[in-house]
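Student: Supplied structure: start-v1.pdb, PDB, C-alpha atoms and all ligand atoms.
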ATOM      1  CA  MET A  37      59.739 -51.120  35.894  1.00  0.00           C
ATOM      2  CA  ILE A  38      56.144 -50.658  34.849  1.00  0.00           C
ATOM      3  CA  ASN A  39      55.572 -48.988  31.484  1.00  0.00           C
ATOM      4  CA  ILE A  40      52.260 -47.162  31.622  1.00  0.00           C
ATOM      5  CA  ALA A  41      52.228 -46.165  27.937  1.00  0.00           C
ATOM      6  CA  ASP A  42      52.732 -49.820  26.868  1.00  0.00           C
ATOM      7  CA  ASN A  43      50.025 -51.022  29.246  1.00  0.00           C
ATOM      8  CA  LEU A  44      47.575 -48.401  27.967  1.00  0.00           C
ATOM      9  CA  SER A  45      48.291 -49.347  24.404  1.00  0.00           C
ATOM     10  CA  LEU A  46      47.670 -53.038  25.196  1.00  0.00           C
ATOM     11  CA  VAL A  47      44.357 -52.249  26.916  1.00  0.00           C
ATOM     12  CA  ASN A  48      43.265 -50.043  24.018  1.00  0.00           C
ATOM     13  CA  LYS A  49      44.073 -52.882  21.605  1.00  0.00           C
ATOM     14  CA  GLN A  50      42.127 -55.294  23.778  1.00  0.00           C
ATOM     15  CA  ILE A  51      39.111 -52.951  23.617  1.00  0.00           C
ATOM     16  CA  ILE A  52      39.241 -52.876  19.819  1.00  0.00           C
ATOM     17  CA  ALA A  53      39.625 -56.661  19.596  1.00  0.00           C
ATOM     18  CA  ALA A  54      36.689 -57.230  21.947  1.00  0.00           C
ATOM     19  CA  ARG A  55      34.508 -54.816  19.987  1.00  0.00           C
ATOM     20  CA  ASN A  56      35.382 -56.479  16.694  1.00  0.00           C
ATOM     21  CA  LYS A  57      34.410 -59.882  18.058  1.00  0.00           C
ATOM     22  CA  THR A  58      30.827 -58.983  18.704  1.00  0.00           C
ATOM     23  CA  THR A  59      27.970 -57.246  16.968  1.00  0.00           C
ATOM     24  CA  SER A  60      26.076 -56.301  20.116  1.00  0.00           C
ATOM     25  CA  SER A  61      28.810 -54.125  21.558  1.00  0.00           C
ATOM     26  CA  ALA A  62      28.479 -50.362  21.842  1.00  0.00           C
ATOM     27  CA  SER A  63      29.842 -48.226  19.022  1.00  0.00           C
ATOM     28  CA  THR A  64      32.422 -46.665  21.305  1.00  0.00           C
ATOM     29  CA  VAL A  65      33.938 -47.929  24.497  1.00  0.00           C
ATOM     30  CA  SER A  66      35.784 -45.398  26.587  1.00  0.00           C
ATOM     31  CA  LEU A  67      38.534 -46.246  28.991  1.00  0.00           C
ATOM     32  CA  LEU A  68      38.500 -45.018  32.574  1.00  0.00           C
ATOM     33  CA  ALA A  69      41.943 -45.469  34.134  1.00  0.00           C
ATOM     34  CA  VAL A  70      41.480 -46.402  37.798  1.00  0.00           C
ATOM     35  CA  SER A  71      44.410 -44.871  39.644  1.00  0.00           C
ATOM     36  CA  LYS A  72      43.404 -45.499  43.274  1.00  0.00           C
ATOM     37  CA  THR A  73      46.367 -45.941  45.650  1.00  0.00           C
ATOM     38  CA  LYS A  74      48.770 -45.112  42.795  1.00  0.00           C
ATOM     39  CA  PRO A  75      51.117 -42.095  42.889  1.00  0.00           C
ATOM     40  CA  ILE A  76      50.676 -38.862  40.932  1.00  0.00           C
ATOM     41  CA  SER A  77      53.744 -39.701  38.815  1.00  0.00           C
ATOM     42  CA  LEU A  78      51.976 -42.707  37.256  1.00  0.00           C
ATOM     43  CA  ILE A  79      48.891 -40.622  36.483  1.00  0.00           C
ATOM     44  CA  GLN A  80      51.134 -38.071  34.783  1.00  0.00           C
ATOM     45  CA  GLN A  81      52.677 -40.844  32.685  1.00  0.00           C
ATOM     46  CA  ALA A  82      49.237 -42.073  31.641  1.00  0.00           C
ATOM     47  CA  TYR A  83      48.207 -38.504  30.799  1.00  0.00           C
ATOM     48  CA  ALA A  84      51.360 -38.027  28.718  1.00  0.00           C
ATOM     49  CA  ALA A  85      50.395 -41.187  26.826  1.00  0.00           C
ATOM     50  CA  GLY A  86      47.025 -39.643  25.952  1.00  0.00           C
ATOM     51  CA  GLN A  87      44.750 -40.956  28.722  1.00  0.00           C
ATOM     52  CA  ARG A  88      42.261 -38.321  29.940  1.00  0.00           C
ATOM     53  CA  HIS A  89      39.664 -40.052  32.149  1.00  0.00           C
ATOM     54  CA  PHE A  90      40.737 -41.160  35.629  1.00  0.00           C
ATOM     55  CA  GLY A  91      38.774 -42.896  38.383  1.00  0.00           C
ATOM     56  CA  GLU A  92      39.327 -42.986  42.140  1.00  0.00           C
ATOM     57  CA  ASN A  93      37.597 -44.693  45.081  1.00  0.00           C
ATOM     58  CA  TYR A  94      38.535 -42.655  48.122  1.00  0.00           C
ATOM     59  CA  VAL A  95      37.322 -39.096  48.720  1.00  0.00           C
ATOM     60  CA  GLN A  96      40.415 -37.598  50.332  1.00  0.00           C
ATOM     61  CA  GLU A  97      42.679 -39.238  47.765  1.00  0.00           C
ATOM     62  CA  ILE A  98      40.731 -37.887  44.790  1.00  0.00           C
ATOM     63  CA  VAL A  99      40.543 -34.386  46.286  1.00  0.00           C
ATOM     64  CA  ASP A 100      44.319 -34.369  46.815  1.00  0.00           C
ATOM     65  CA  LYS A 101      45.021 -35.650  43.311  1.00  0.00           C
ATOM     66  CA  VAL A 102      42.619 -33.179  41.685  1.00  0.00           C
ATOM     67  CA  GLN A 103      44.481 -30.338  43.398  1.00  0.00           C
ATOM     68  CA  GLN A 104      47.962 -31.655  42.613  1.00  0.00           C
ATOM     69  CA  LEU A 105      47.105 -32.158  38.947  1.00  0.00           C
ATOM     70  CA  SER A 106      45.073 -28.977  38.456  1.00  0.00           C
ATOM     71  CA  ASP A 107      47.468 -27.834  35.712  1.00  0.00           C
ATOM     72  CA  LEU A 108      46.157 -30.632  33.444  1.00  0.00           C
ATOM     73  CA  ALA A 109      43.160 -28.670  32.192  1.00  0.00           C
ATOM     74  CA  ASP A 110      41.419 -31.385  30.183  1.00  0.00           C
ATOM     75  CA  ILE A 111      41.789 -34.226  32.670  1.00  0.00           C
ATOM     76  CA  THR A 112      38.404 -35.657  33.719  1.00  0.00           C
ATOM     77  CA  TRP A 113      37.894 -37.113  37.191  1.00  0.00           C
ATOM     78  CA  HIS A 114      35.390 -39.850  38.043  1.00  0.00           C
ATOM     79  CA  PHE A 115      34.491 -40.923  41.562  1.00  0.00           C
ATOM     80  CA  ILE A 116      33.684 -44.669  41.605  1.00  0.00           C
ATOM     81  CA  GLY A 117      33.839 -45.629  45.302  1.00  0.00           C
ATOM     82  CA  PRO A 118      31.256 -46.002  48.061  1.00  0.00           C
ATOM     83  CA  ILE A 119      29.816 -42.640  49.196  1.00  0.00           C
ATOM     84  CA  GLN A 120      29.252 -41.514  52.769  1.00  0.00           C
ATOM     85  CA  ALA A 121      26.717 -38.733  53.211  1.00  0.00           C
ATOM     86  CA  ASN A 122      29.184 -36.517  55.100  1.00  0.00           C
ATOM     87  CA  LYS A 123      31.584 -36.563  52.116  1.00  0.00           C
ATOM     88  CA  THR A 124      29.166 -35.570  49.353  1.00  0.00           C
ATOM     89  CA  LYS A 125      30.159 -31.895  49.284  1.00  0.00           C
ATOM     90  CA  LEU A 126      33.797 -32.727  48.524  1.00  0.00           C
ATOM     91  CA  ILE A 127      32.736 -35.095  45.764  1.00  0.00           C
ATOM     92  CA  ALA A 128      30.139 -32.698  44.319  1.00  0.00           C
ATOM     93  CA  ASN A 129      32.716 -29.988  43.765  1.00  0.00           C
ATOM     94  CA  ASN A 130      35.828 -31.903  42.715  1.00  0.00           C
ATOM     95  CA  VAL A 131      34.739 -34.358  40.029  1.00  0.00           C
ATOM     96  CA  ALA A 132      32.920 -34.362  36.696  1.00  0.00           C
ATOM     97  CA  TRP A 133      31.426 -37.849  37.112  1.00  0.00           C
ATOM     98  CA  ILE A 134      30.189 -40.096  39.861  1.00  0.00           C
ATOM     99  CA  HIS A 135      29.419 -43.765  39.149  1.00  0.00           C
ATOM    100  CA  SER A 136      28.309 -44.970  42.566  1.00  0.00           C
ATOM    101  CA  VAL A 137      25.073 -43.193  43.465  1.00  0.00           C
ATOM    102  CA  ASP A 138      22.777 -45.780  45.030  1.00  0.00           C
ATOM    103  CA  ARG A 139      20.253 -43.856  47.129  1.00  0.00           C
ATOM    104  CA  GLU A 140      18.086 -40.747  47.017  1.00  0.00           C
ATOM    105  CA  LYS A 141      19.665 -39.169  50.058  1.00  0.00           C
ATOM    106  CA  ILE A 142      23.066 -39.077  48.346  1.00  0.00           C
ATOM    107  CA  ALA A 143      21.628 -37.787  45.060  1.00  0.00           C
ATOM    108  CA  LYS A 144      19.739 -35.036  46.899  1.00  0.00           C
ATOM    109  CA  ARG A 145      22.864 -33.896  48.730  1.00  0.00           C
ATOM    110  CA  LEU A 146      25.005 -33.934  45.574  1.00  0.00           C
ATOM    111  CA  ASN A 147      22.351 -31.892  43.774  1.00  0.00           C
ATOM    112  CA  GLU A 148      22.208 -29.303  46.565  1.00  0.00           C
ATOM    113  CA  GLN A 149      25.979 -29.091  46.945  1.00  0.00           C
ATOM    114  CA  ARG A 150      27.084 -28.981  43.299  1.00  0.00           C
ATOM    115  CA  ASP A 151      28.230 -25.474  42.355  1.00  0.00           C
ATOM    116  CA  ILE A 152      25.423 -24.070  40.188  1.00  0.00           C
ATOM    117  CA  ASN A 153      27.945 -22.109  38.119  1.00  0.00           C
ATOM    118  CA  THR A 154      29.451 -25.267  36.631  1.00  0.00           C
ATOM    119  CA  THR A 155      28.045 -27.992  34.414  1.00  0.00           C
ATOM    120  CA  PRO A 156      25.764 -30.566  36.049  1.00  0.00           C
ATOM    121  CA  LEU A 157      27.466 -33.521  37.735  1.00  0.00           C
ATOM    122  CA  ASN A 158      27.333 -36.626  35.515  1.00  0.00           C
ATOM    123  CA  VAL A 159      25.740 -39.480  37.434  1.00  0.00           C
ATOM    124  CA  CYS A 160      25.605 -43.240  36.983  1.00  0.00           C
ATOM    125  CA  LEU A 161      23.521 -45.354  39.341  1.00  0.00           C
ATOM    126  CA  GLN A 162      25.371 -48.254  40.873  1.00  0.00           C
ATOM    127  CA  VAL A 163      23.268 -51.412  40.574  1.00  0.00           C
ATOM    128  CA  ASN A 164      23.725 -54.327  42.967  1.00  0.00           C
ATOM    129  CA  ILE A 165      23.466 -56.769  40.085  1.00  0.00           C
ATOM    130  CA  SER A 166      24.432 -59.956  41.884  1.00  0.00           C
ATOM    131  CA  GLY A 167      22.127 -59.169  44.819  1.00  0.00           C
ATOM    132  CA  GLU A 168      24.951 -59.518  47.312  1.00  0.00           C
ATOM    133  CA  GLN A 169      23.848 -58.395  50.763  1.00  0.00           C
ATOM    134  CA  SER A 170      27.147 -56.718  51.563  1.00  0.00           C
ATOM    135  CA  LYS A 171      27.523 -54.840  48.264  1.00  0.00           C
ATOM    136  CA  SER A 172      26.561 -51.265  47.723  1.00  0.00           C
ATOM    137  CA  GLY A 173      24.233 -50.496  44.859  1.00  0.00           C
ATOM    138  CA  VAL A 174      20.536 -50.025  44.308  1.00  0.00           C
ATOM    139  CA  SER A 175      18.532 -53.215  43.737  1.00  0.00           C
ATOM    140  CA  VAL A 176      17.321 -53.927  40.207  1.00  0.00           C
ATOM    141  CA  THR A 177      13.709 -53.276  41.213  1.00  0.00           C
ATOM    142  CA  GLU A 178      14.555 -49.797  42.565  1.00  0.00           C
ATOM    143  CA  VAL A 179      16.505 -48.533  39.532  1.00  0.00           C
ATOM    144  CA  ALA A 180      13.555 -46.848  37.786  1.00  0.00           C
ATOM    145  CA  LYS A 181      12.544 -44.874  40.877  1.00  0.00           C
ATOM    146  CA  LEU A 182      16.055 -43.630  41.639  1.00  0.00           C
ATOM    147  CA  ALA A 183      16.640 -42.758  37.971  1.00  0.00           C
ATOM    148  CA  GLU A 184      13.493 -40.648  37.956  1.00  0.00           C
ATOM    149  CA  PHE A 185      14.597 -38.846  41.100  1.00  0.00           C
ATOM    150  CA  ILE A 186      18.015 -38.025  39.616  1.00  0.00           C
ATOM    151  CA  ASP A 187      16.518 -36.960  36.301  1.00  0.00           C
ATOM    152  CA  ASN A 188      14.551 -34.335  38.248  1.00  0.00           C
ATOM    153  CA  CYS A 189      17.667 -32.928  39.928  1.00  0.00           C
ATOM    154  CA  GLU A 190      18.751 -29.687  38.232  1.00  0.00           C
ATOM    155  CA  ASN A 191      22.431 -29.967  39.006  1.00  0.00           C
ATOM    156  CA  LEU A 192      22.758 -33.646  38.144  1.00  0.00           C
ATOM    157  CA  CYS A 193      22.793 -35.235  34.693  1.00  0.00           C
ATOM    158  CA  LEU A 194      21.580 -38.836  34.570  1.00  0.00           C
ATOM    159  CA  ARG A 195      24.119 -40.642  32.341  1.00  0.00           C
ATOM    160  CA  GLY A 196      23.574 -44.318  33.029  1.00  0.00           C
ATOM    161  CA  LEU A 197      24.364 -47.370  35.108  1.00  0.00           C
ATOM    162  CA  MET A 198      27.385 -48.924  36.778  1.00  0.00           C
ATOM    163  CA  ALA A 199      27.867 -52.425  38.181  1.00  0.00           C
ATOM    164  CA  ILE A 200      30.513 -54.594  39.787  1.00  0.00           C
ATOM    165  CA  PRO A 201      29.418 -58.224  39.487  1.00  0.00           C
ATOM    166  CA  GLN A 202      30.180 -60.721  42.233  1.00  0.00           C
ATOM    167  CA  LYS A 203      33.795 -61.841  42.167  1.00  0.00           C
ATOM    168  CA  THR A 204      33.839 -65.324  40.657  1.00  0.00           C
ATOM    169  CA  SER A 205      35.859 -67.493  38.285  1.00  0.00           C
ATOM    170  CA  ASP A 206      32.552 -68.567  36.702  1.00  0.00           C
ATOM    171  CA  LYS A 207      32.514 -66.666  33.401  1.00  0.00           C
ATOM    172  CA  THR A 208      28.900 -67.631  32.708  1.00  0.00           C
ATOM    173  CA  ALA A 209      27.745 -65.978  35.936  1.00  0.00           C
ATOM    174  CA  THR A 210      29.629 -62.784  35.045  1.00  0.00           C
ATOM    175  CA  HIS A 211      28.194 -62.891  31.540  1.00  0.00           C
ATOM    176  CA  ASN A 212      24.647 -63.278  32.900  1.00  0.00           C
ATOM    177  CA  SER A 213      25.079 -60.301  35.226  1.00  0.00           C
ATOM    178  CA  PHE A 214      26.389 -58.111  32.408  1.00  0.00           C
ATOM    179  CA  ARG A 215      23.528 -59.192  30.116  1.00  0.00           C
ATOM    180  CA  GLN A 216      21.049 -58.206  32.829  1.00  0.00           C
ATOM    181  CA  MET A 217      22.743 -54.804  33.039  1.00  0.00           C
ATOM    182  CA  GLN A 218      22.522 -54.419  29.275  1.00  0.00           C
ATOM    183  CA  THR A 219      18.760 -55.010  29.407  1.00  0.00           C
ATOM    184  CA  LEU A 220      18.311 -52.480  32.214  1.00  0.00           C
ATOM    185  CA  PHE A 221      20.477 -49.974  30.351  1.00  0.00           C
ATOM    186  CA  ASN A 222      18.523 -50.372  27.106  1.00  0.00           C
ATOM    187  CA  GLN A 223      15.261 -49.694  28.939  1.00  0.00           C
ATOM    188  CA  LEU A 224      16.676 -46.636  30.677  1.00  0.00           C
ATOM    189  CA  SER A 225      18.251 -45.147  27.564  1.00  0.00           C
ATOM    190  CA  HIS A 226      14.942 -45.400  25.714  1.00  0.00           C
ATOM    191  CA  GLN A 227      13.274 -43.482  28.501  1.00  0.00           C
ATOM    192  CA  TYR A 228      15.935 -40.794  29.060  1.00  0.00           C
ATOM    193  CA  PRO A 229      17.848 -39.200  26.151  1.00  0.00           C
ATOM    194  CA  SER A 230      20.710 -38.216  28.476  1.00  0.00           C
ATOM    195  CA  VAL A 231      21.470 -41.868  29.285  1.00  0.00           C
ATOM    196  CA  ASP A 232      24.409 -43.041  27.175  1.00  0.00           C
ATOM    197  CA  THR A 233      26.790 -44.740  29.617  1.00  0.00           C
ATOM    198  CA  LEU A 234      26.984 -48.339  30.764  1.00  0.00           C
ATOM    199  CA  SER A 235      29.961 -48.467  33.123  1.00  0.00           C
ATOM    200  CA  MET A 236      31.035 -52.086  33.502  1.00  0.00           C
ATOM    201  CA  GLY A 237      34.114 -54.237  33.050  1.00  0.00           C
ATOM    202  CA  MET A 238      37.441 -54.199  34.914  1.00  0.00           C
ATOM    203  CA  SER A 239      40.894 -55.677  34.226  1.00  0.00           C
ATOM    204  CA  ASN A 240      39.717 -59.288  34.477  1.00  0.00           C
ATOM    205  CA  ASP A 241      36.315 -59.111  32.796  1.00  0.00           C
ATOM    206  CA  MET A 242      36.497 -56.258  30.286  1.00  0.00           C
ATOM    207  CA  ASP A 243      36.112 -58.571  27.276  1.00  0.00           C
ATOM    208  CA  ILE A 244      32.841 -60.022  28.578  1.00  0.00           C
ATOM    209  CA  ALA A 245      31.595 -56.546  29.534  1.00  0.00           C
ATOM    210  CA  ILE A 246      32.282 -55.153  26.065  1.00  0.00           C
ATOM    211  CA  GLU A 247      30.559 -58.138  24.500  1.00  0.00           C
ATOM    212  CA  CYS A 248      27.510 -57.207  26.604  1.00  0.00           C
ATOM    213  CA  GLY A 249      27.440 -53.578  25.474  1.00  0.00           C
ATOM    214  CA  SER A 250      29.628 -51.762  28.004  1.00  0.00           C
ATOM    215  CA  THR A 251      30.372 -48.193  26.922  1.00  0.00           C
ATOM    216  CA  MET A 252      32.953 -47.486  29.630  1.00  0.00           C
ATOM    217  CA  ILE A 253      35.352 -49.931  31.218  1.00  0.00           C
ATOM    218  CA  ARG A 254      37.124 -49.123  34.484  1.00  0.00           C
ATOM    219  CA  VAL A 255      40.634 -50.530  34.439  1.00  0.00           C
ATOM    220  CA  GLY A 256      43.219 -50.298  37.200  1.00  0.00           C
ATOM    221  CA  THR A 257      45.564 -53.269  37.492  1.00  0.00           C
ATOM    222  CA  ALA A 258      46.103 -53.789  33.754  1.00  0.00           C
ATOM    223  CA  ILE A 259      47.326 -50.179  33.453  1.00  0.00           C
ATOM    224  CA  PHE A 260      49.010 -49.369  36.746  1.00  0.00           C
ATOM    225  CA  GLY A 261      49.950 -52.833  38.029  1.00  0.00           C
ATOM    226  CA  ALA A 262      48.708 -54.703  41.104  1.00  0.00           C
ATOM    227  CA  ARG A 263      47.721 -52.747  44.217  1.00  0.00           C
ATOM    228  CA  GLU A 264      49.191 -53.562  47.628  1.00  0.00           C
TER     229      GLU A 264
HETATM  230  C1  LIG B 301      39.398 -50.826  41.787  1.00  0.00           C
HETATM  231  C2  LIG B 301      38.198 -50.707  40.925  1.00  0.00           C
HETATM  232  C3  LIG B 301      38.286 -50.937  39.532  1.00  0.00           C
HETATM  233  C4  LIG B 301      39.540 -51.406  38.830  1.00  0.00           C
HETATM  234  O1  LIG B 301      39.775 -52.768  39.102  1.00  0.00           O
HETATM  235  P1  LIG B 301      40.980 -53.574  38.408  1.00  0.00           P
HETATM  236  O2  LIG B 301      40.627 -54.990  38.665  1.00  0.00           O
HETATM  237  O3  LIG B 301      42.228 -53.144  39.103  1.00  0.00           O
HETATM  238  O4  LIG B 301      40.989 -53.239  36.974  1.00  0.00           O
HETATM  239  C5  LIG B 301      37.135 -50.736  38.778  1.00  0.00           C
HETATM  240  N1  LIG B 301      35.973 -50.334  39.344  1.00  0.00           N
HETATM  241  C6  LIG B 301      35.854 -50.111  40.665  1.00  0.00           C
HETATM  242  C7  LIG B 301      34.549 -49.672  41.211  1.00  0.00           C
HETATM  243  C8  LIG B 301      36.952 -50.306  41.489  1.00  0.00           C
HETATM  244  O5  LIG B 301      36.814 -50.100  42.810  1.00  0.00           O
END
Kindly return the structure encoded in the file as structure tokens.
Ligand SMILES: *Cc1c(COP(=O)(O)O)cnc(C)c1O
Tutor:
Amino acid sequence: MINIADNLSLVNKQIIAARNKTTSSASTVSLLAVSKTKPISLIQQAYAAGQRHFGENYVQEIVDKVQQLSDLADITWHFIGPIQANKTKLIANNVAWIHSVDREKIAKRLNEQRDINTTPLNVCLQVNISGEQSKSGVSVTEVAKLAEFIDNCENLCLRGLMAIPQKTSDKTATHNSFRQMQTLFNQLSHQYPSVDTLSMGMSNDMDIAIECGSTMIRVGTAIFGARE
């Protein structure tokens, strides 16, 4: 049987080890537990072990989980999946963070639909760092324009950048993509004081991501086990 508390403790140790290995890493690296497709009971176990930030990819699934776990007052939900325009209202009013904004139309809708009586929605732009045609994400050359648009949205708070590099066994290619993200992030954070989050690194590449300055890694498999 899978032991969530043990897995979390191993990942947290791995974060510390990766940070200690490099001088360029961020001062803190937070852990987003990616619970997509996993049952509520495993999320509750992770919560009991001290985990507070959870990420999901599918709109209906996150809405259901938010409702079922509404008794956990200090749990923080992050939406990290592709966004369809007709689903923005559900996202805008059920999560604290969204990592996958990649076009103005989506940002505009989220801004209009976010309840004005709550805190602004924390937003990271998803960057298509490997330039893959099929991938979602704004292109590197369009980041500045989209960031400016979001910064002007009253109900959104521009927090940073997110990327999923092309799947490859070539560690140098992954490293290069993360370094490119670090450069983009440094530029953006100089321009906007609210920008403090570089969301990159998953179960298989978190060490490289942390070495390249990631401030938030998104880990599923290493915590909750393989998905079907
Ligand atoms: C599924 C997913 C993750 C977690 O991936 P693992 O390899 O299971 O750690 C992280 N980020 C995004 C955007 C995902 O869709």
Student: Give me, as a PyMOL selection string, all polymer residues having an atom no more than 8 Å from stretch 116-119 of chain A, counting only C-alpha atoms and skipping those fewer than 6 positions away in the same chain.
Tutor: chain A and resi 91-94+134-137+142+172
Student: Can you tell me, as JSON, the centre and edge lengths (Å, one decimal) of the axis-aligned box enclosing all of stretch 159-168 of chain A's listed atoms after padding each side by 5 Å?
Tutor:
{"center_x": 23.9, "center_y": -49.7, "center_z": 42.1, "size_x": 13.6, "size_y": 30.5, "size_z": 20.3}
Student: Quick check, in Å to one decimal: how far apart do atom CA of A:Arg150 and atom CA of A:Asn129 lie?
Tutor: 5.7 Å
Student: Measuring between all atoms listed in the file, which one of A:Thr124, A:Thr73, A:Gln87, A:Asn212 shows the shortest distance to A:Val47?
Tutor: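 Closest residue, counting all atoms listed in the file: A:Gln87.
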Student: Show me which residues line ligand LIG 301 (chain B), defined as having an atom within 7 Å of a ligand atom where all atoms listed in the file count, and present them as a PDB file with C-alpha atoms, in the frame of the given file.
Tutor:
ATOM      1  CA  VAL A  70      41.480 -46.402  37.798  1.00  0.00           C
ATOM      2  CA  LYS A  72      43.404 -45.499  43.274  1.00  0.00           C
ATOM      3  CA  ASN A  93      37.597 -44.693  45.081  1.00  0.00           C
ATOM      4  CA  ILE A 116      33.684 -44.669  41.605  1.00  0.00           C
ATOM      5  CA  GLY A 117      33.839 -45.629  45.302  1.00  0.00           C
ATOM      6  CA  ILE A 200      30.513 -54.594  39.787  1.00  0.00           C
ATOM      7  CA  MET A 238      37.441 -54.199  34.914  1.00  0.00           C
ATOM      8  CA  SER A 239      40.894 -55.677  34.226  1.00  0.00           C
ATOM      9  CA  ASN A 240      39.717 -59.288  34.477  1.00  0.00           C
ATOM     10  CA  ARG A 254      37.124 -49.123  34.484  1.00  0.00           C
ATOM     11  CA  VAL A 255      40.634 -50.530  34.439  1.00  0.00           C
ATOM     12  CA  GLY A 256      43.219 -50.298  37.200  1.00  0.00           C
ATOM     13  CA  THR A 257      45.564 -53.269  37.492  1.00  0.00           C
ATOM     14  CA  ALA A 258      46.103 -53.789  33.754  1.00  0.00           C
ATOM     15  CA  ALA A 262      48.708 -54.703  41.104  1.00  0.00           C
TER      16      ALA A 262
END
Student: Find the spatial neighbours of A:Val163, counting only C-alpha atoms, within a cut-off of 10 Å - ignore same-chain residues fewer than 5 positions away - and output them as an MDAnalysis selection string.
Tutor: chainID A and resid 135:138 171:179 197:201 217 220
Student: Would you save the residues of that selection, restricted to C-alpha atoms, as an mmCIF file, keeping the file's coordinate frame?
Tutor:
data_model
loop_
_atom_site.group_PDB
_atom_site.id
_atom_site.type_symbol
_atom_site.label_atom_id
_atom_site.label_comp_id
_atom_site.auth_asym_id
_atom_site.auth_seq_id
_atom_site.Cartn_x
_atom_site.Cartn_y
_atom_site.Cartn_z
ATOM 1 C CA HIS A 135 29.419 -43.765 39.149
ATOM 2 C CA SER A 136 28.309 -44.970 42.566
ATOM 3 C CA VAL A 137 25.073 -43.193 43.465
ATOM 4 C CA ASP A 138 22.777 -45.780 45.030
ATOM 5 C CA LYS A 171 27.523 -54.840 48.264
ATOM 6 C CA SER A 172 26.561 -51.265 47.723
ATOM 7 C CA GLY A 173 24.233 -50.496 44.859
ATOM 8 C CA VAL A 174 20.536 -50.025 44.308
ATOM 9 C CA SER A 175 18.532 -53.215 43.737
ATOM 10 C CA VAL A 176 17.321 -53.927 40.207
ATOM 11 C CA THR A 177 13.709 -53.276 41.213
ATOM 12 C CA GLU A 178 14.555 -49.797 42.565
ATOM 13 C CA VAL A 179 16.505 -48.533 39.532
ATOM 14 C CA LEU A 197 24.364 -47.370 35.108
ATOM 15 C CA MET A 198 27.385 -48.924 36.778
ATOM 16 C CA ALA A 199 27.867 -52.425 38.181
ATOM 17 C CA ILE A 200 30.513 -54.594 39.787
ATOM 18 C CA PRO A 201 29.418 -58.224 39.487
ATOM 19 C CA MET A 217 22.743 -54.804 33.039
ATOM 20 C CA LEU A 220 18.311 -52.480 32.214
#
